[in-house]
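*Asks:* Below are the C-alpha cells for one structure; questions will follow.
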Amino acid sequence: IVLASLSTYVDTMLSSPMKERESKRISFPDIEPEMWEKAIRCLVPGYLTLPSLEDMCTLLPFYDKYQFEDGIKLCDGMLFTLLSEDRRLEFVGSDEYVQLVVLSHNLNLPRSRSRAVEFASYALSTSLCWKKEENIRQLLPLVENDSSTMVSLLVGLKGRHCRDMTLDEMRSVTKEDSFPKQCVERENQIRDQDGVLKYLNVSELCLQCLGERERQYLPAVNGAYIRRLGGDGCFSTFRSLPGALKYHYHKEWKSYDEHVCRVVLQAMDVFGLVWEIASFPGGDDGEDGDGDEATREEHAPKRQRSVLYRWDGGYSSLVPPKRGWEVVQEERPEVELIYDIDDSKNNYF
C-alpha cells in the first residue's frame, strides 16, 4: 500500500490483472538493496533523508523509470538550488554534478532544467568543464541550439573565423569525435596562460588618442584605466573567468548632463584573439555609476554597449594590445595604449 501511494508504476501493477497483483511481489532488478533502502528513506514520512550527489545519480533515473513522483520532485528541488549562480561553482569539477545536469535536461525536470542549460552554457563557454572529455561530450547537446555559447566555445578553440559560421556548421564541428579531446588540450593551454597572467601586472595603463586636438576634445576614452577582475558588460561578472577574460580595464567620466559613464577595455575570448573598447552610457533612471564595484557591475549589462574600437591582430594577446586598434565608429581618432609590465615582485622571466 505504501509503495502504491508513492509510485504510479507500482499502483498500476497492483491494480491491474497482472501476475504481480496475484503474487503481491514486484521486482526491481536494476537497483541494489542498499540503494533501494535509500530510495525509500528519501520518500517515506518519518525517515526523510536527503540524497548525496552520488546517490542522486542513481536515484533520479530510478524514480523516473518507476514513476516515483515525490522522488522526482525531491531531486528536482535539490538541483534547482545546487544549480543557482551562487552554488554551481562549488561543484563545477564534479563528474556527478555534470551527470545530474544532463539528467535534469534529458528528463525535462520542470524546476531545474533551465538552470541546467545555463550551467552547461557557462561551463563550456568559459572552459570550466574542459578538463574531461566525457563531461564535454555530455554537456554539448544541451547548448547545441545556443548560437552565443557555440560561438564563445569555438572562437577560443578553433579561431576567430568561427564567428562567421552558421549554427549548423558549428554543430557539425562540435560533433566531431576529436572535439572533446581538442577542448582538453586547450584547457591545459589556458591553465598555463592563467599561470603567466599572475606575473603580468599591467601597471598604469593609459589610452592615448593620437593627435593634440583629439587628446583635448575626447576625454571620454583618453586617459588612465583601472584594472579589475571579472567580466564587465558583455560577460558574466563571475570572478573566475579564465585566460585573457580574467581582467578588464575601465575608466569613468562625467557627461554634460552629469551622468557618470564608463569606458571598458576587455578581451572578447579566453585567448585574447579579439579585444574591444566600448562605452556604457549613464542610466536613464539617474544611475550615475556611483557606489561600490558590485553595484556598478550589476547595472553594466543592462546599459547599451557601444563598441568604439576593436583589435583583431591575428594572434593571441593576454594583455591589452598597445597598437593596431581599428576604429569602429566613424570620425574617431586612432588610439594606442601606453603601459609597462611590472614584474619587479617576481622572477618568473
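Each chain in the C-alpha cells gets a letter, A, B, ..., in the order shown, and its residues are numbered from 1; ligands are numbered from 1 in order too.
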Which neighbours of A:Ala120 fall inside 9 Å, counting only C-alpha atoms, when residues of the same chain fewer than 6 positions from it are skipped, and could you give them as a short mmCIF file (atom, residue, chain, number, x, y, z; two decimals) with N, CA, C and O atoms, in the first residue's frame?
*Replies:*
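Listing of part_33.cif after writing:
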data_model
loop_
_atom_site.label_atom_id
_atom_site.label_comp_id
_atom_site.auth_asym_id
_atom_site.auth_seq_id
_atom_site.Cartn_x
_atom_site.Cartn_y
_atom_site.Cartn_z
N VAL A 98 27.93 17.09 -13.24
CA VAL A 98 27.69 17.14 -14.69
C VAL A 98 26.64 16.10 -15.08
O VAL A 98 25.74 16.38 -15.89
N VAL A 101 23.26 17.41 -14.15
CA VAL A 101 22.87 18.47 -15.08
C VAL A 101 22.25 17.87 -16.34
O VAL A 101 21.20 18.31 -16.82
N VAL A 102 22.90 16.84 -16.86
CA VAL A 102 22.40 16.18 -18.07
C VAL A 102 21.08 15.48 -17.80
O VAL A 102 20.15 15.53 -18.61
N CYS A 129 34.58 23.28 -17.76
CA CYS A 129 34.40 21.83 -17.83
C CYS A 129 35.23 21.22 -18.95
O CYS A 129 34.87 20.20 -19.53
N LEU A 139 27.76 17.53 -22.08
CA LEU A 139 27.16 18.86 -21.98
C LEU A 139 26.85 19.49 -23.34
O LEU A 139 25.96 20.34 -23.45
N LEU A 140 27.56 19.10 -24.37
CA LEU A 140 27.39 19.73 -25.68
C LEU A 140 25.96 19.69 -26.22
O LEU A 140 25.48 20.69 -26.75
N LEU A 142 23.28 20.03 -24.72
CA LEU A 142 22.44 20.99 -24.01
C LEU A 142 22.53 22.38 -24.61
O LEU A 142 21.63 23.21 -24.39
N VAL A 143 23.60 22.68 -25.35
CA VAL A 143 23.80 24.04 -25.86
C VAL A 143 23.83 24.10 -27.38
O VAL A 143 24.15 25.13 -27.96
#
*Asks:* Need the shell around A:Cys183: protein/DNA/RNA residues with any atom at most 10 Å away, counting only C-alpha atoms. Skip same-chain ones fewer than 4 positions apart. Format as a list in words?
*Replies:*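 Surrounding residues, per the criterion: Leu124, Ser127, Cys129, Trp130, Lys131, Lys132, Glu133, Ile136, Leu153, Leu154, Gly156, Leu157, Lys158, Ser178, Phe179, Glu187, Asn188 and Gln189 of chain A.
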*Asks:* Enumerate the residues of stretch 91-171 of chain A with a DSSP assignment of alpha helix (DSSP H), computed from the backbone, and present them as a ChimeraX atom specification.
*Replies:* /A:95-106,113-125,133-143,147-158,167-171
*Asks:* Mind writing the picked residues with C-alpha atoms as a PDB file, in the first residue's frame?
*Replies:*
ATOM      1  CA  ASP A  95      31.540  14.336 -12.505  1.00  0.00           C
ATOM      2  CA  GLU A  96      28.340  13.601 -10.579  1.00  0.00           C
ATOM      3  CA  TYR A  97      27.301  17.240 -10.903  1.00  0.00           C
ATOM      4  CA  VAL A  98      27.689  17.142 -14.685  1.00  0.00           C
ATOM      5  CA  GLN A  99      25.753  13.863 -14.814  1.00  0.00           C
ATOM      6  CA  LEU A 100      22.888  15.415 -12.820  1.00  0.00           C
ATOM      7  CA  VAL A 101      22.869  18.473 -15.079  1.00  0.00           C
ATOM      8  CA  VAL A 102      22.405  16.182 -18.073  1.00  0.00           C
ATOM      9  CA  LEU A 103      19.701  14.165 -16.277  1.00  0.00           C
ATOM     10  CA  SER A 104      17.788  17.337 -15.411  1.00  0.00           C
ATOM     11  CA  HIS A 105      17.831  18.314 -19.077  1.00  0.00           C
ATOM     12  CA  ASN A 106      17.039  14.876 -20.521  1.00  0.00           C
ATOM     13  CA  ARG A 113      16.055  22.164 -16.430  1.00  0.00           C
ATOM     14  CA  SER A 114      16.527  25.821 -17.400  1.00  0.00           C
ATOM     15  CA  ARG A 115      19.304  26.190 -14.822  1.00  0.00           C
ATOM     16  CA  ALA A 116      20.949  23.026 -16.156  1.00  0.00           C
ATOM     17  CA  VAL A 117      21.122  24.582 -19.625  1.00  0.00           C
ATOM     18  CA  GLU A 118      22.503  27.838 -18.142  1.00  0.00           C
ATOM     19  CA  PHE A 119      25.198  25.873 -16.313  1.00  0.00           C
ATOM     20  CA  ALA A 120      26.175  23.962 -19.468  1.00  0.00           C
ATOM     21  CA  SER A 121      26.436  27.237 -21.377  1.00  0.00           C
ATOM     22  CA  TYR A 122      28.570  28.899 -18.690  1.00  0.00           C
ATOM     23  CA  ALA A 123      30.815  25.874 -18.129  1.00  0.00           C
ATOM     24  CA  LEU A 124      31.526  25.301 -21.824  1.00  0.00           C
ATOM     25  CA  SER A 125      31.942  28.927 -22.896  1.00  0.00           C
ATOM     26  CA  GLU A 133      36.397  14.645 -22.466  1.00  0.00           C
ATOM     27  CA  GLU A 134      33.322  12.787 -21.207  1.00  0.00           C
ATOM     28  CA  ASN A 135      31.974  15.857 -19.378  1.00  0.00           C
ATOM     29  CA  ILE A 136      32.320  17.926 -22.550  1.00  0.00           C
ATOM     30  CA  ARG A 137      30.652  15.225 -24.624  1.00  0.00           C
ATOM     31  CA  GLN A 138      27.694  15.086 -22.212  1.00  0.00           C
ATOM     32  CA  LEU A 139      27.157  18.863 -21.985  1.00  0.00           C
ATOM     33  CA  LEU A 140      27.392  19.733 -25.685  1.00  0.00           C
ATOM     34  CA  PRO A 141      23.849  18.566 -26.602  1.00  0.00           C
ATOM     35  CA  LEU A 142      22.440  20.987 -24.007  1.00  0.00           C
ATOM     36  CA  VAL A 143      23.801  24.043 -25.859  1.00  0.00           C
ATOM     37  CA  SER A 147      24.473  30.229 -31.035  1.00  0.00           C
ATOM     38  CA  SER A 148      26.055  32.602 -28.486  1.00  0.00           C
ATOM     39  CA  THR A 149      27.523  29.728 -26.446  1.00  0.00           C
ATOM     40  CA  MET A 150      28.672  27.891 -29.552  1.00  0.00           C
ATOM     41  CA  VAL A 151      30.497  30.979 -30.797  1.00  0.00           C
ATOM     42  CA  SER A 152      32.182  31.543 -27.417  1.00  0.00           C
ATOM     43  CA  LEU A 153      33.264  27.907 -27.337  1.00  0.00           C
ATOM     44  CA  LEU A 154      34.563  27.703 -30.886  1.00  0.00           C
ATOM     45  CA  VAL A 155      36.347  31.056 -31.148  1.00  0.00           C
ATOM     46  CA  GLY A 156      38.719  30.121 -28.345  1.00  0.00           C
ATOM     47  CA  LEU A 157      39.190  26.610 -29.676  1.00  0.00           C
ATOM     48  CA  LYS A 158      39.292  26.967 -33.451  1.00  0.00           C
ATOM     49  CA  LEU A 167      24.708  27.339 -36.279  1.00  0.00           C
ATOM     50  CA  ASP A 168      24.547  24.141 -38.358  1.00  0.00           C
ATOM     51  CA  GLU A 169      28.234  24.488 -39.224  1.00  0.00           C
ATOM     52  CA  MET A 170      29.124  24.978 -35.561  1.00  0.00           C
ATOM     53  CA  ARG A 171      27.084  21.917 -34.579  1.00  0.00           C
TER      54      ARG A 171
END
*Asks:* To one decimal in Å, tell me the separation between atom CA of A:Phe62 and atom CA of A:Val2.
*Replies:*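 So the two atoms, atom CA of A:Phe62 and atom CA of A:Val2, lie 17.3 Å apart.
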*Asks:* Using DSSP assignments from the backbone, pull out every residue in stretch 54-255 of chain A that falls under strand (DSSP E) and give it to me as a VMD selection string.
*Replies:* chain A and resid 201 to 209 223 to 224 226 to 229 247 to 254
*Asks:* Please, could you write that set of residues out with C-alpha atoms as a short mmCIF file (atom, residue, chain, number, x, y, z; two decimals), in the first residue's frame?
*Replies:*
data_model
loop_
_atom_site.label_atom_id
_atom_site.label_comp_id
_atom_site.auth_asym_id
_atom_site.auth_seq_id
_atom_site.Cartn_x
_atom_site.Cartn_y
_atom_site.Cartn_z
CA ASN A 201 50.94 43.01 -13.89
CA VAL A 202 49.92 45.79 -16.26
CA SER A 203 50.80 48.99 -14.43
CA GLU A 204 49.29 52.42 -15.10
CA LEU A 205 47.55 51.67 -18.38
CA CYS A 206 46.71 54.82 -20.35
CA LEU A 207 44.85 55.17 -23.62
CA GLN A 208 46.15 57.96 -25.81
CA CYS A 209 44.30 59.46 -28.75
CA GLY A 223 43.47 58.86 -20.04
CA ALA A 224 44.21 56.29 -17.31
CA ILE A 226 41.85 50.86 -13.79
CA ARG A 227 42.31 47.07 -13.90
CA ARG A 228 39.64 44.92 -12.27
CA LEU A 229 38.90 41.20 -12.01
CA TYR A 247 40.70 41.17 -16.14
CA HIS A 248 39.00 44.16 -17.69
CA TYR A 249 40.16 47.79 -17.69
CA HIS A 250 37.85 50.74 -17.30
CA LYS A 251 37.61 54.45 -16.67
CA GLU A 252 34.71 56.70 -15.81
CA TRP A 253 33.90 60.21 -16.95
CA LYS A 254 31.09 62.67 -16.34
#
*Asks:* Which residues come within 10 Å of A:Gln67, counting only C-alpha atoms, excluding same-chain residues fewer than 3 positions away, as number ranges by chain?
*Replies:* A: 6-11, 61-64, 70-72
*Asks:* Would you write out those residues with N, CA and C atoms, as an mmCIF file, in the first residue's frame?
*Replies:*
data_model
loop_
_atom_site.group_PDB
_atom_site.id
_atom_site.type_symbol
_atom_site.label_atom_id
_atom_site.label_comp_id
_atom_site.auth_asym_id
_atom_site.auth_seq_id
_atom_site.Cartn_x
_atom_site.Cartn_y
_atom_site.Cartn_z
ATOM 1 N N LEU A 6 3.304 5.800 -3.390
ATOM 2 C CA LEU A 6 4.499 6.546 -3.779
ATOM 3 C C LEU A 6 4.782 6.457 -5.276
ATOM 4 N N SER A 7 4.352 5.355 -5.902
ATOM 5 C CA SER A 7 4.732 5.097 -7.301
ATOM 6 C C SER A 7 3.504 4.788 -8.152
ATOM 7 N N THR A 8 3.322 5.543 -9.216
ATOM 8 C CA THR A 8 2.238 5.269 -10.167
ATOM 9 C C THR A 8 2.449 3.919 -10.829
ATOM 10 N N TYR A 9 3.699 3.574 -11.085
ATOM 11 C CA TYR A 9 4.038 2.278 -11.703
ATOM 12 C C TYR A 9 3.581 1.129 -10.809
ATOM 13 N N VAL A 10 3.910 1.193 -9.517
ATOM 14 C CA VAL A 10 3.530 0.129 -8.580
ATOM 15 C C VAL A 10 2.010 0.065 -8.443
ATOM 16 N N ASP A 11 1.389 1.229 -8.349
ATOM 17 C CA ASP A 11 -0.067 1.269 -8.214
ATOM 18 C C ASP A 11 -0.748 0.610 -9.404
ATOM 19 N N PRO A 61 17.224 8.509 -12.068
ATOM 20 C CA PRO A 61 16.725 7.640 -13.154
ATOM 21 C C PRO A 61 15.769 6.562 -12.637
ATOM 22 N N PHE A 62 16.040 6.046 -11.427
ATOM 23 C CA PHE A 62 15.164 5.025 -10.842
ATOM 24 C C PHE A 62 13.777 5.605 -10.560
ATOM 25 N N TYR A 63 13.748 6.784 -9.916
ATOM 26 C CA TYR A 63 12.467 7.421 -9.633
ATOM 27 C C TYR A 63 11.685 7.695 -10.924
ATOM 28 N N ASP A 64 12.406 8.096 -11.958
ATOM 29 C CA ASP A 64 11.736 8.408 -13.227
ATOM 30 C C ASP A 64 11.192 7.146 -13.897
ATOM 31 N N ASP A 70 7.120 11.840 -6.076
ATOM 32 C CA ASP A 70 7.692 12.628 -4.973
ATOM 33 C C ASP A 70 9.213 12.583 -5.008
ATOM 34 N N GLY A 71 9.779 11.461 -5.442
ATOM 35 C CA GLY A 71 11.232 11.355 -5.559
ATOM 36 C C GLY A 71 11.764 12.269 -6.648
ATOM 37 N N ILE A 72 11.033 12.330 -7.754
ATOM 38 C CA ILE A 72 11.434 13.223 -8.846
ATOM 39 C C ILE A 72 11.392 14.676 -8.385
#
*Asks:* With only C-alpha atoms as the basis for distance, which of A:Arg310, A:Arg332, A:Lys246, A:Lys38 is at the shortest distance from A:Leu210?
*Replies:*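 So, comparing all the options, the nearest one is A:Arg332.
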*Asks:* If we count only C-alpha atoms and set the cut-off at 12 Å, which residues sit around A:Cys42, ignoring sequence neighbours fewer than 4 positions away in its own chain? Please answer as a ChimeraX atom specification.
*Replies:* /A:6,35-38,46-52,55-56,59-60,63,68,70-75
*Asks:* Next, write the just-selected residues to a file, as a tab-separated table (two decimals), in the first residue's frame, keeping N, CA and C atoms as the atom set.
*Replies:*
chain	number	residue	atom	x	y	z
A	6	LEU	N	3.30	5.80	-3.39
A	6	LEU	CA	4.50	6.55	-3.78
A	6	LEU	C	4.78	6.46	-5.28
A	35	MET	N	20.78	0.68	-2.17
A	35	MET	CA	20.25	1.88	-2.81
A	35	MET	C	18.73	1.91	-2.73
A	36	TRP	N	18.10	0.72	-2.76
A	36	TRP	CA	16.64	0.65	-2.60
A	36	TRP	C	16.22	1.22	-1.25
A	37	GLU	N	16.95	0.86	-0.23
A	37	GLU	CA	16.64	1.37	1.11
A	37	GLU	C	16.77	2.89	1.15
A	38	LYS	N	17.82	3.43	0.50
A	38	LYS	CA	17.99	4.89	0.46
A	38	LYS	C	16.85	5.54	-0.32
A	46	GLY	N	8.81	10.34	8.20
A	46	GLY	CA	9.42	9.79	9.39
A	46	GLY	C	10.82	9.28	9.15
A	47	TYR	N	11.17	9.05	7.88
A	47	TYR	CA	12.50	8.57	7.54
A	47	TYR	C	13.20	9.49	6.55
A	48	LEU	N	12.62	10.64	6.29
A	48	LEU	CA	13.10	11.51	5.22
A	48	LEU	C	14.57	11.86	5.38
A	49	THR	N	15.35	11.57	4.36
A	49	THR	CA	16.76	11.95	4.31
A	49	THR	C	17.03	12.51	2.92
A	50	LEU	N	18.03	13.38	2.81
A	50	LEU	CA	18.39	13.95	1.52
A	50	LEU	C	19.53	13.15	0.90
A	51	PRO	N	19.42	12.79	-0.37
A	51	PRO	CA	20.47	12.00	-1.01
A	51	PRO	C	21.70	12.85	-1.33
A	52	SER	N	22.84	12.19	-1.39
A	52	SER	CA	24.07	12.85	-1.83
A	52	SER	C	24.05	12.99	-3.34
A	55	ASP	N	24.48	9.54	-4.85
A	55	ASP	CA	23.26	8.72	-4.76
A	55	ASP	C	22.18	9.23	-5.72
A	56	MET	N	22.10	10.54	-5.88
A	56	MET	CA	21.07	11.10	-6.75
A	56	MET	C	21.27	10.68	-8.20
A	59	LEU	N	19.43	7.43	-8.06
A	59	LEU	CA	18.04	7.51	-7.64
A	59	LEU	C	17.15	8.23	-8.65
A	60	LEU	N	17.66	9.30	-9.27
A	60	LEU	CA	16.82	10.08	-10.17
A	60	LEU	C	16.34	9.25	-11.37
A	63	TYR	N	13.75	6.78	-9.92
A	63	TYR	CA	12.47	7.42	-9.63
A	63	TYR	C	11.69	7.69	-10.92
A	68	PHE	N	8.11	7.37	-9.39
A	68	PHE	CA	8.03	7.86	-8.01
A	68	PHE	C	8.01	9.39	-8.08
A	70	ASP	N	7.12	11.84	-6.08
A	70	ASP	CA	7.69	12.63	-4.97
A	70	ASP	C	9.21	12.58	-5.01
A	71	GLY	N	9.78	11.46	-5.44
A	71	GLY	CA	11.23	11.35	-5.56
A	71	GLY	C	11.76	12.27	-6.65
A	72	ILE	N	11.03	12.33	-7.75
A	72	ILE	CA	11.43	13.22	-8.85
A	72	ILE	C	11.39	14.68	-8.39
A	73	LYS	N	10.32	15.05	-7.66
A	73	LYS	CA	10.20	16.42	-7.17
A	73	LYS	C	11.31	16.75	-6.17
A	74	LEU	N	11.67	15.78	-5.32
A	74	LEU	CA	12.74	16.00	-4.35
A	74	LEU	C	14.05	16.31	-5.06
A	75	CYS	N	14.41	15.48	-6.03
A	75	CYS	CA	15.67	15.68	-6.76
A	75	CYS	C	15.64	16.97	-7.57
